[in-house]
Amino acid sequence: MFRITCPYCGPREPTEFTNGGEAHISRPQHPEQLSDAEWAEFVFMRSNTKGVFAERWCHSGGCRKWFNALRDTATDEILAVYRVGEDRPWTDRA
Amino acid sequence: MLSESGHPPMTAQRYSLLSLLREGIGGHRGWQPAWRNAEPKQAYDAVVIGGGGHGCATAYYLAKEHGLTNVAVLEKGWLGGGNAARNTTIIRSNYLYDASAAIYDHAMQLWRNLGRELNFNIMMSHRGVMNLAHDDGEARQLKRRVEANRLNGVDAEWLDARQVKDFCPPINISDNVRYPVIGATLQRSGGVNRHDAVVWGYARAASGLGVDIVQNCEVLGIDVAGGAVTAVRTTRGTIKTPKVASVTAGHTSVIASMVDLRLPIVSHPLQALVSEPVKPILPCVVMSNAVHAYCSQSDKGELVIGAGIDLHQSYTQRGGFHVIEEEIAALLELFPQFSRMKLMRHWAGTVDICPDASPIISKTPLRGFYINGGWGTGGWKATPGSGHVFADLVANDAPNEIAAPYTLERFTTGKLVAEHGAAAVAH
């Protein structure tokens, strides 16, 4: 497993956090106009990246704030954490 | 005589008591390799990606039922070294919905005779699988499942706490615990078998029919022209083929991304452990949804213990300690006498979870590209059924009745086979 650094509280044990899955999936701007295929893409389809992956975490056993992390899903190394609303940080790894 | 694949079919060395005696007298010098460790050819009629249980089963049924013998199974590591080697080998078919009962019970029927059919001892043991209930709501849900199972011809019965204790004497049915056992479902035909033997048995039988089993051959890319598959690029060269059947469990999304196909799958670690070997104590498989434990005892005497998934996405084949800590705590409430046993090994597999906890057995928008994945935490029990219906799909380019509900389109139409919670948690 891995230790996670909350951008508000600092490094903590993984048991304090809840994983929120893939980050940067925006709710549709005009849901009433979406086709079934577009709904399927929003609700179900995921990149499931093997490599650098942007994901959401909630510090549910601490400050209870949501934030994002870049983690290499092939090694579980966390490359960056950043707050909601901030852009995904650049990494030189695929 | 050459088979269609250009290889001589291996002179099948039948395993029997007689052959064992003969070899025993002859100093065991006459045993042959169980399958040909083939070099990849330049072209095949179909390529199966993934040499696990499902992949080898698919190749076997392609050859046996559909006469498609010019087939290769490409395995990036060694045969059966992925999730086939990492699961807890529990066999059952007591799923709630008709579509699930159809495919898992299809597998169950094939398991019954598989050792004989493959002439390979898969150590199938129909010792019974119990799914425990710990509160009234869960008992109601499980009783409903028993009735649904019976309507689908799946053997199932309800046991009260006393009957649970009779069937599994070491279990703790005291009221004075956090999650008391108030009853259980029992599928007597359920049980466990030997993971390696199943993969080896299928590989041997497929190889005997002319299928090439190619190990240490990782697929790096898939060539496409005119909306159809033309070849797979591998670490051992490019292989031309009009049909690619992906059966790669946790890496299903990775293969699909080679042809820009998006899937509703997320890969998670799923951990398991075995204890030191002890004399026979646990006569059946015990599973509990609420406390997240499942356990059986192997023929070697080790307790084989499964945990729930780690909730984050990962391909690392390792999970968090807190997950197995909870798992062991739950197990020890059911079996306090296990508290001083030592754990010998611990590992994780990468499981491909679908949103509805049901697999994808499907054609794709790309002609000649077929997907069998998304089995999540429960693929092992389905191995023969999965391979059987997937071979049918690949050979006929259309799903049969059992495979039909498991299309990729169900995530667009909304016709899901929602087994989350309907099945026991540990599939």
# chains A, B, ... in the order shown; residues from 1 in each chain; ligands from 1
>>> select_by_dssp(residues="chain A", states="strand (DSSP E)", output="PyMOL selection string")
chain A and resi 4-6+10-12+18-22+52-58+66-72+77-83
>>> closest_atom_pairs(of="chain A", to="chain B", cutoff="6 Å", atoms="only C-alpha atoms", output="Markdown table")
| residue | atom | partner | partner_atom | distance |
| --- | --- | --- | --- | --- |
| A:Met1 | CA | B:Gly320 | CA | 4.6 |
| A:Asn19 | CA | B:His312 | CA | 5.7 |
| A:Asp36 | CA | B:Thr412 | CA | 5.6 |
| A:Ala37 | CA | B:Thr412 | CA | 5.4 |
| A:Ala40 | CA | B:Thr412 | CA | 5.0 |
| A:Phe44 | CA | B:Pro264 | CA | 4.9 |
| A:Met45 | CA | B:Pro264 | CA | 4.1 |
| A:Arg46 | CA | B:Pro264 | CA | 5.5 |
| A:Asn48 | CA | B:Val266 | CA | 5.4 |
| A:Thr73 | CA | B:Ser314 | CA | 4.7 |
| A:Ala74 | CA | B:Tyr315 | CA | 5.1 |
| A:Thr75 | CA | B:Thr316 | CA | 5.7 |
>>> residues_around(residues="Trp66 of chain A", least_positions_apart="2", cutoff="10 Å", atoms="only C-alpha atoms", output="mmCIF file with C-alpha atoms, in the first residue's frame")
data_model
loop_
_atom_site.group_PDB
_atom_site.id
_atom_site.type_symbol
_atom_site.label_atom_id
_atom_site.label_comp_id
_atom_site.auth_asym_id
_atom_site.auth_seq_id
_atom_site.Cartn_x
_atom_site.Cartn_y
_atom_site.Cartn_z
ATOM 1 C CA CYS A 6 -3.354 15.208 2.127
ATOM 2 C CA PRO A 7 -2.726 18.673 0.623
ATOM 3 C CA TYR A 8 -4.382 20.161 3.724
ATOM 4 C CA PHE A 17 -8.686 8.031 3.093
ATOM 5 C CA THR A 18 -11.522 7.017 0.808
ATOM 6 C CA ASN A 19 -10.830 6.528 -2.871
ATOM 7 C CA GLY A 20 -13.158 8.363 -5.266
ATOM 8 C CA ARG A 56 -9.843 11.539 -6.385
ATOM 9 C CA TRP A 57 -9.338 10.940 -2.693
ATOM 10 C CA CYS A 58 -11.281 12.112 0.324
ATOM 11 C CA HIS A 59 -9.517 12.517 3.658
ATOM 12 C CA SER A 60 -12.587 10.966 5.243
ATOM 13 C CA CYS A 63 -10.241 16.974 7.353
ATOM 14 C CA ARG A 64 -12.931 15.360 5.126
ATOM 15 C CA ASN A 68 -6.765 14.800 -6.438
ATOM 16 C CA TYR A 82 -3.333 18.746 -5.783
ATOM 17 C CA ARG A 83 -6.475 20.493 -4.689
ATOM 18 C CA VAL A 84 -9.828 20.336 -6.428
#
>>> closest_residue(among="B:Val47, B:Leu20, B:Val286, B:Leu331", to="Ala231 of chain B", atoms="only C-alpha atoms")
B:Val47
>>> residues_around(residues="Ala203 of chain B", least_positions_apart="5", cutoff="10 Å", atoms="only C-alpha atoms", output="PyMOL selection string")
chain B and resi 34-36+51-53+55-57+59-60+73+79-80+118+197-198+208-209+211-213
>>> write_last_selection(atoms="N, CA, C and O atoms", output="PDB file, in the first residue's frame")
ATOM      1  N   ALA B  34       3.437 -32.208 -20.984  1.00  0.00           N
ATOM      2  CA  ALA B  34       1.979 -32.255 -21.108  1.00  0.00           C
ATOM      3  C   ALA B  34       1.483 -31.479 -22.326  1.00  0.00           C
ATOM      4  O   ALA B  34       0.455 -31.787 -22.904  1.00  0.00           O
ATOM      5  N   TRP B  35       2.197 -30.418 -22.703  1.00  0.00           N
ATOM      6  CA  TRP B  35       1.812 -29.676 -23.909  1.00  0.00           C
ATOM      7  C   TRP B  35       3.071 -29.199 -24.624  1.00  0.00           C
ATOM      8  O   TRP B  35       4.135 -29.133 -24.035  1.00  0.00           O
ATOM      9  N   ARG B  36       2.889 -28.883 -25.926  1.00  0.00           N
ATOM     10  CA  ARG B  36       4.014 -28.354 -26.705  1.00  0.00           C
ATOM     11  C   ARG B  36       4.228 -26.897 -26.322  1.00  0.00           C
ATOM     12  O   ARG B  36       3.305 -26.092 -26.354  1.00  0.00           O
ATOM     13  N   GLY B  51      -3.077 -16.726 -21.357  1.00  0.00           N
ATOM     14  CA  GLY B  51      -3.006 -18.163 -21.096  1.00  0.00           C
ATOM     15  C   GLY B  51      -3.340 -18.503 -19.669  1.00  0.00           C
ATOM     16  O   GLY B  51      -2.580 -19.167 -18.967  1.00  0.00           O
ATOM     17  N   GLY B  52      -4.478 -18.033 -19.224  1.00  0.00           N
ATOM     18  CA  GLY B  52      -4.998 -18.441 -17.923  1.00  0.00           C
ATOM     19  C   GLY B  52      -6.049 -19.518 -18.138  1.00  0.00           C
ATOM     20  O   GLY B  52      -6.113 -20.145 -19.201  1.00  0.00           O
ATOM     21  N   GLY B  53      -6.880 -19.731 -17.134  1.00  0.00           N
ATOM     22  CA  GLY B  53      -7.932 -20.736 -17.248  1.00  0.00           C
ATOM     23  C   GLY B  53      -8.898 -20.430 -18.368  1.00  0.00           C
ATOM     24  O   GLY B  53      -9.168 -21.265 -19.231  1.00  0.00           O
ATOM     25  N   GLY B  55      -8.579 -18.420 -20.941  1.00  0.00           N
ATOM     26  CA  GLY B  55      -7.950 -18.386 -22.258  1.00  0.00           C
ATOM     27  C   GLY B  55      -7.710 -19.783 -22.793  1.00  0.00           C
ATOM     28  O   GLY B  55      -8.032 -20.082 -23.955  1.00  0.00           O
ATOM     29  N   CYS B  56      -7.151 -20.647 -21.964  1.00  0.00           N
ATOM     30  CA  CYS B  56      -6.877 -22.020 -22.399  1.00  0.00           C
ATOM     31  C   CYS B  56      -8.178 -22.769 -22.659  1.00  0.00           C
ATOM     32  O   CYS B  56      -8.274 -23.565 -23.598  1.00  0.00           O
ATOM     33  N   ALA B  57      -9.206 -22.496 -21.829  1.00  0.00           N
ATOM     34  CA  ALA B  57     -10.509 -23.131 -22.052  1.00  0.00           C
ATOM     35  C   ALA B  57     -11.088 -22.675 -23.386  1.00  0.00           C
ATOM     36  O   ALA B  57     -11.628 -23.475 -24.159  1.00  0.00           O
ATOM     37  N   ALA B  59      -9.473 -21.689 -26.060  1.00  0.00           N
ATOM     38  CA  ALA B  59      -8.737 -22.345 -27.150  1.00  0.00           C
ATOM     39  C   ALA B  59      -9.154 -23.806 -27.292  1.00  0.00           C
ATOM     40  O   ALA B  59      -9.339 -24.317 -28.398  1.00  0.00           O
ATOM     41  N   TYR B  60      -9.326 -24.461 -26.144  1.00  0.00           N
ATOM     42  CA  TYR B  60      -9.712 -25.879 -26.170  1.00  0.00           C
ATOM     43  C   TYR B  60     -11.071 -26.066 -26.846  1.00  0.00           C
ATOM     44  O   TYR B  60     -11.243 -26.915 -27.722  1.00  0.00           O
ATOM     45  N   VAL B  73      -2.547 -19.512 -28.311  1.00  0.00           N
ATOM     46  CA  VAL B  73      -2.777 -18.841 -27.034  1.00  0.00           C
ATOM     47  C   VAL B  73      -1.494 -18.096 -26.697  1.00  0.00           C
ATOM     48  O   VAL B  73      -0.437 -18.714 -26.577  1.00  0.00           O
ATOM     49  N   LEU B  79       2.251 -20.063 -18.214  1.00  0.00           N
ATOM     50  CA  LEU B  79       0.874 -20.522 -18.277  1.00  0.00           C
ATOM     51  C   LEU B  79       0.218 -20.515 -16.887  1.00  0.00           C
ATOM     52  O   LEU B  79       0.768 -21.068 -15.940  1.00  0.00           O
ATOM     53  N   GLY B  80      -0.924 -19.883 -16.804  1.00  0.00           N
ATOM     54  CA  GLY B  80      -1.670 -19.894 -15.545  1.00  0.00           C
ATOM     55  C   GLY B  80      -0.979 -19.160 -14.412  1.00  0.00           C
ATOM     56  O   GLY B  80      -1.201 -19.457 -13.245  1.00  0.00           O
ATOM     57  N   LEU B 118     -10.784 -34.067 -19.766  1.00  0.00           N
ATOM     58  CA  LEU B 118      -9.432 -33.618 -20.093  1.00  0.00           C
ATOM     59  C   LEU B 118      -8.383 -34.695 -19.793  1.00  0.00           C
ATOM     60  O   LEU B 118      -7.214 -34.500 -20.111  1.00  0.00           O
ATOM     61  N   ALA B 197      -3.948 -27.317 -12.105  1.00  0.00           N
ATOM     62  CA  ALA B 197      -4.359 -28.506 -12.857  1.00  0.00           C
ATOM     63  C   ALA B 197      -5.383 -28.147 -13.920  1.00  0.00           C
ATOM     64  O   ALA B 197      -5.368 -28.711 -15.019  1.00  0.00           O
ATOM     65  N   VAL B 198      -6.270 -27.202 -13.613  1.00  0.00           N
ATOM     66  CA  VAL B 198      -7.294 -26.823 -14.588  1.00  0.00           C
ATOM     67  C   VAL B 198      -6.632 -26.175 -15.806  1.00  0.00           C
ATOM     68  O   VAL B 198      -6.923 -26.523 -16.959  1.00  0.00           O
ATOM     69  N   GLY B 208      -2.999 -30.849 -27.650  1.00  0.00           N
ATOM     70  CA  GLY B 208      -3.195 -32.141 -28.301  1.00  0.00           C
ATOM     71  C   GLY B 208      -4.072 -32.053 -29.537  1.00  0.00           C
ATOM     72  O   GLY B 208      -3.963 -32.860 -30.458  1.00  0.00           O
ATOM     73  N   LEU B 209      -4.943 -31.035 -29.576  1.00  0.00           N
ATOM     74  CA  LEU B 209      -5.814 -30.842 -30.732  1.00  0.00           C
ATOM     75  C   LEU B 209      -5.159 -29.940 -31.779  1.00  0.00           C
ATOM     76  O   LEU B 209      -5.770 -29.609 -32.786  1.00  0.00           O
ATOM     77  N   VAL B 211      -3.600 -26.757 -31.030  1.00  0.00           N
ATOM     78  CA  VAL B 211      -3.459 -25.359 -30.617  1.00  0.00           C
ATOM     79  C   VAL B 211      -2.020 -25.095 -30.160  1.00  0.00           C
ATOM     80  O   VAL B 211      -1.413 -25.935 -29.500  1.00  0.00           O
ATOM     81  N   ASP B 212      -1.467 -23.931 -30.552  1.00  0.00           N
ATOM     82  CA  ASP B 212      -0.129 -23.548 -30.102  1.00  0.00           C
ATOM     83  C   ASP B 212      -0.215 -22.787 -28.783  1.00  0.00           C
ATOM     84  O   ASP B 212      -0.877 -21.737 -28.708  1.00  0.00           O
ATOM     85  N   ILE B 213       0.427 -23.291 -27.757  1.00  0.00           N
ATOM     86  CA  ILE B 213       0.515 -22.595 -26.474  1.00  0.00           C
ATOM     87  C   ILE B 213       1.843 -21.844 -26.477  1.00  0.00           C
ATOM     88  O   ILE B 213       2.911 -22.467 -26.447  1.00  0.00           O
TER      89      ILE B 213
END
